[in-house]
Amino acid sequence: MGSTGSYILRRVLYLIPVLLGVCAIVFLLFNVVAGDPTALLLGKHASAEQMAELKVQLGLDKSLFMQYIDIVKSAFTFDFGRSWSTKQTISSMLAQGAIPSLTLTLPAFVISTILAVLFATLVAYYRGKGIDLFVRISCIAMMSISSLVYILVFQNVLAYQLGLFEISGYEFGFPDFVPYVALPIIIWVVLSLGPDIRFYRTMILDEIYQDYVRTARAKGLSEKKILLKHVLRNALIPIITYLVNQLPFLLLGSLLLESFFSIPGLGGIVITALNSSDFPVIKAMAILSAVAYIVFTLLQDILYTVADPRVKLK
Amino acid sequence: MSLISFKDVTVDFNTPEGVVRAVNGISFDIKEGQTVGLVGESGSGKSVTSLAAMRLIPNPPGIISGGQILFQGKDLVKASEEEMRKIRGNDISMIFQEPMTALNPVFRVGDQIAEVLMLHKGMSRKEAWQKAEMLLDQVGIPNPKASIMKYPHEMSGGQKQRVCIAIAIACEPKLLICDEPTTALDVTIQKQVLDLMFDLQSKYNMGMLFITHDLSVIADIADDVVVMYRSNLVEQNNTEAIFTDAKHPYTKGLLSCRPSLEKNPSRLLTVADFMDDAGNEIEIDQAKLVPDEKKEKKEETPTLLEIKGLSTHFPIKGGLFGRTVDHFKAVKEVSFKLQKGKTLGLVGESGCGKTTLGRTILRLIEPAAGQIIYDGIDVTKLDKDQMREMRSRMQIIFQDPYSSLNPRMTVGEILLEPMNLHNIGANKEEKIEKAKWLMEKVGLTAAQLSRYPHEFSGGQRQRICIARALAVNPEFIICDESVSALDVSVQAQVLNLLLDLQEEFGLTYIFISHDLSVVNFISDEVAVMKAGEIVEMDKASKVYHNPQRDYTKTLLEAIPKGIPKSLLAKQQ
């Protein structure tokens, strides 16, 4: 097995202790510290028998150790049981919620990344000139406006007055969902362009003052070619870090946009679960986030080896 | 006809403090096939001059504000950017100082050479790669077929510089500009690279502009020498005349300040012996010009430091769970004794373990085996508190005076910190008094205590590092390449200072360096290191005049003689 193969295997094996740890924290929070949930679920007037019966149903009559084992089992099988409030299986709830969330966050993420890298390369090329200053000032201006302003103004002008998009709601199936997610996607892009362009511009300019760029100039290469071939390739390394760190949040959905546009995504599910003390859903999300985080950092490490030949996974 | 002529070239930099003139109206010519050495200290404007010929001065802030640079009759100052791109890498090529960073880390060596051929010669990718392979062979890279697929980080510094040379000569330029191409390389590698450049130059009949701060490097290869000092051209002549009959006091100082293997003076001459701060020639003290022969320290003194079977290992991780599968043995069972008040020079090429040995002696790196007996105490057995106490007796001065001083602390704070740590001086006033005294001891002034490191030159910063080491009254100092980053003229001053301090305070030094002439000047005994072992150790005079090992001989032969070939022929 190559060193990269054994590296990936090792990182996958690291999942086991990390998941056991996450399960332990979840267990401590919900099964030990939170106390008896049956009173919460049945209300003030429940009889002792009803509570005992529910305890058996929820598996809370078992010893604490066995309860921990139940959580660990769910983490490794992805079978998290049923929601307390909707009684649906949690896996189907999450699968259903993931679709609206991803149809919103994925295109938004891709579009904003492409636009930000394009703009950043452009202003790096014209660094110090008028267009650079203009874009930088625009970035700051865009960042200075609250996201609520964008949401309310865009909803009012573009959706309500001009009728270009749906104001809120969601329909499953392509292309039915497009008019519902288009506006939140635009708002996402507008919100992230400011900080992203500034970040990528800095990363690119960091590279422009390196010695190898001087060598490239001494070869007679044009500034455009130097930027697109030599500089951008090196700037990719910090850019990958920045991008992959955002991926887990795509899965969790955008709480803010989903609630303003009434999109039934994961963000909404989490909020409802928190409000109604739906412990199994919260537990499932906590465990899944941990798994996603580990998987994405592994992906990040693998991408590094593609972008940077100096990185060897050992 | 001249290949390129600089006519009254002036370069200005616009800074917030006003216009700084980096090059002040200089004129000189390079003929076809001729090598011109451009010599000067850092900041003298020599690199800016070379960048001007490529029109690569960063603009803003830099601008060629006057004069002409005629290349084959065409004024490059007035050429358009597009015209310049056709000349760069094609008619005029450049090799830079730092081979470690001059190549793009994410592209294969083959791509980086082929790029310039595809750009200027219109070759297809395939043709360019074939030519690149030939070029790698020509610059002496072993196994070009495999090497062409390598990334820069998979090559040594010398190999990388050879790749840079391959890129530069790929289009057979008429002029090759080399900006300190060997300064960052080991002495043996330097010789190989210089020989290679000389061969290529005569083969392609290139004109060459060779920039360096060290005259001895170009003595062998330059036809003419141009000397720059503080943005001005102060002297130009053919190389032989420069070496035998220098006119300008700065040139005279530069020629005298480099330690050589032949002479063994008790102290080095410096530029300040020939010229005052304003650049005026001063009356030369004839007695000073011929310094006393260095006296060998005959008297036996008690042993201060004894190293017994010292080894340092670095773990190599591997396997599924990153266990330590093996060790890299950086220092292998080294033993020696060092007497009080004497200097041991530790020489060897990069990677030989000399720095690791120095740091292990101070327990900045923990040894794997062996004993470090300092003044009768086994340092390896000391616990943390005892070690901290010990550290006031053993100090170190690092290579890079730019990065070893905290930029956010004033010089005063830098000097007081170790005193506070080791409770030296009864109160603050006493400590400040001591800091003032230290500043004067190392040739600075007490008034400079409130300044920050960036306000000082490289040589002055190294003096501050020395003062910091002295602040805790040590008996023993390890100088780890402490003068390697300095210009030769500044290097001479710092070496003299180290000798003076040794005499005054009875200090014992271990002086680590890759530069054999410097070690010869400062050391009583010399140890030659190779692959973690000391291969030869003896009195300095014996090692230099009667080396026993082939490795030592190779190192000695690689040192530039610093005498022009024509002169050498006449002498024999």
# chains A, B, ... in the order shown; residues from 1 in each chain; ligands from 1

call {"tool": "closest_atom_pairs", "arguments": {"of": "chain B", "to": "chain A", "cutoff": "8 Å", "atoms": "only C-alpha atoms", "output": "tab-separated table"}}
result
residue	atom	partner	partner_atom	distance
B:Met54	CA	A:Ala218	CA	7.2
B:Leu56	CA	A:Ala218	CA	7.6
B:Met84	CA	A:Gly220	CA	7.4
B:Arg85	CA	A:Gly220	CA	4.3
B:Lys86	CA	A:Gly220	CA	6.2
B:Ile87	CA	A:Gly220	CA	7.0
B:Arg88	CA	A:Gly220	CA	4.5
B:Gly89	CA	A:Lys219	CA	4.0
B:Asn90	CA	A:Lys219	CA	7.4
B:Ser93	CA	A:Ala218	CA	6.7
B:Met94	CA	A:Ala218	CA	6.4
B:Phe96	CA	A:Thr215	CA	7.9
B:Thr101	CA	A:Asp211	CA	5.6
B:Ala102	CA	A:Tyr212	CA	4.4
B:Leu103	CA	A:Tyr212	CA	4.9
B:Asn104	CA	A:Tyr212	CA	5.2
B:Pro105	CA	A:Arg310	CA	7.5
B:Val106	CA	A:Asp308	CA	5.7
B:Val116	CA	A:Lys219	CA	6.0
B:Leu119	CA	A:Leu221	CA	7.6
B:Tyr151	CA	A:Pro309	CA	7.2
B:His153	CA	A:Arg310	CA	6.7
B:Ala168	CA	A:Lys219	CA	7.8
B:Gly318	CA	A:Lys314	CA	6.9
B:Gly319	CA	A:Ser6	CA	7.8
B:Leu320	CA	A:Ser6	CA	5.9
B:Phe321	CA	A:Arg10	CA	6.8
B:Gly322	CA	A:Lys314	CA	7.8

call {"tool": "write_last_selection", "arguments": {"atoms": "C-alpha atoms", "output": "PDB file, in the first residue's frame"}}
result
ATOM      1  CA  MET B  54      16.129  43.874 -17.597  1.00  0.00           C
ATOM      2  CA  LEU B  56      12.469  44.696 -13.962  1.00  0.00           C
ATOM      3  CA  MET B  84      11.296  44.081 -23.403  1.00  0.00           C
ATOM      4  CA  ARG B  85       9.397  40.794 -23.066  1.00  0.00           C
ATOM      5  CA  LYS B  86      10.997  39.598 -26.296  1.00  0.00           C
ATOM      6  CA  ILE B  87      14.436  40.497 -24.948  1.00  0.00           C
ATOM      7  CA  ARG B  88      14.021  39.035 -21.440  1.00  0.00           C
ATOM      8  CA  GLY B  89      14.968  35.391 -21.235  1.00  0.00           C
ATOM      9  CA  ASN B  90      15.922  35.489 -24.899  1.00  0.00           C
ATOM     10  CA  SER B  93      18.878  36.328 -19.133  1.00  0.00           C
ATOM     11  CA  MET B  94      19.275  36.528 -15.418  1.00  0.00           C
ATOM     12  CA  PHE B  96      19.315  35.169  -9.066  1.00  0.00           C
ATOM     13  CA  THR B 101      12.974  30.273  -3.938  1.00  0.00           C
ATOM     14  CA  ALA B 102      13.734  31.245  -7.523  1.00  0.00           C
ATOM     15  CA  LEU B 103      11.889  28.276  -9.022  1.00  0.00           C
ATOM     16  CA  ASN B 104       8.122  27.816  -8.923  1.00  0.00           C
ATOM     17  CA  PRO B 105       7.492  25.050  -6.349  1.00  0.00           C
ATOM     18  CA  VAL B 106       4.428  23.561  -8.054  1.00  0.00           C
ATOM     19  CA  VAL B 116      11.054  29.772 -21.968  1.00  0.00           C
ATOM     20  CA  LEU B 119       7.819  31.313 -25.502  1.00  0.00           C
ATOM     21  CA  TYR B 151       9.894  19.194  -8.640  1.00  0.00           C
ATOM     22  CA  HIS B 153      11.962  20.614  -3.675  1.00  0.00           C
ATOM     23  CA  ALA B 168      18.882  31.281 -18.381  1.00  0.00           C
ATOM     24  CA  GLY B 318       6.335   5.832   9.336  1.00  0.00           C
ATOM     25  CA  GLY B 319       3.838   2.985   9.345  1.00  0.00           C
ATOM     26  CA  LEU B 320       0.094   3.120   9.795  1.00  0.00           C
ATOM     27  CA  PHE B 321       0.121   4.980  13.113  1.00  0.00           C
ATOM     28  CA  GLY B 322       3.175   7.188  12.582  1.00  0.00           C
TER      29      GLY B 322
END

call {"tool": "residues_around", "arguments": {"residues": "range 279-285 of chain A", "least_positions_apart": "5", "cutoff": "8 Å", "atoms": "only C-alpha atoms", "output": "PyMOL selection string"}}
result
chain A and resi 26+30+75+80-84+90+270+273-274

call {"tool": "select_by_dssp", "arguments": {"residues": "range 331-438 of chain B", "states": "helix (DSSP H, G or I)", "output": "PyMOL selection string"}}
result
chain B and resi 354-361+379-381+384-391+411-421+428-438

call {"tool": "closest_residue", "arguments": {"among": "B:Phe398, B:Asp487, B:Cys257, B:Leu305", "to": "Glu180 in chain B", "atoms": "only C-alpha atoms"}}
result
B:Asp487

call {"tool": "atom_distance", "arguments": {"atom1": "CA of Leu104 in chain A", "atom2": "CA of Phe249 in chain A"}}
result
12.0 Å

call {"tool": "closest_residue", "arguments": {"among": "B:Leu382, B:Ala53, B:Met208, B:Glu98", "to": "Ile221 in chain B", "atoms": "only C-alpha atoms"}}
result
B:Met208

call {"tool": "residues_around", "arguments": {"residues": "Gly341 in chain B", "least_positions_apart": "4", "cutoff": "10 Å", "atoms": "only C-alpha atoms", "output": "list in words"}}
result
Lys297, Glu300, Thr301, Pro302, Thr303, Leu304, Glu475, Phe476, Gln502, Glu503, Phe505, Gly506, Leu507, Thr508, Tyr509 and Asp524 of chain B
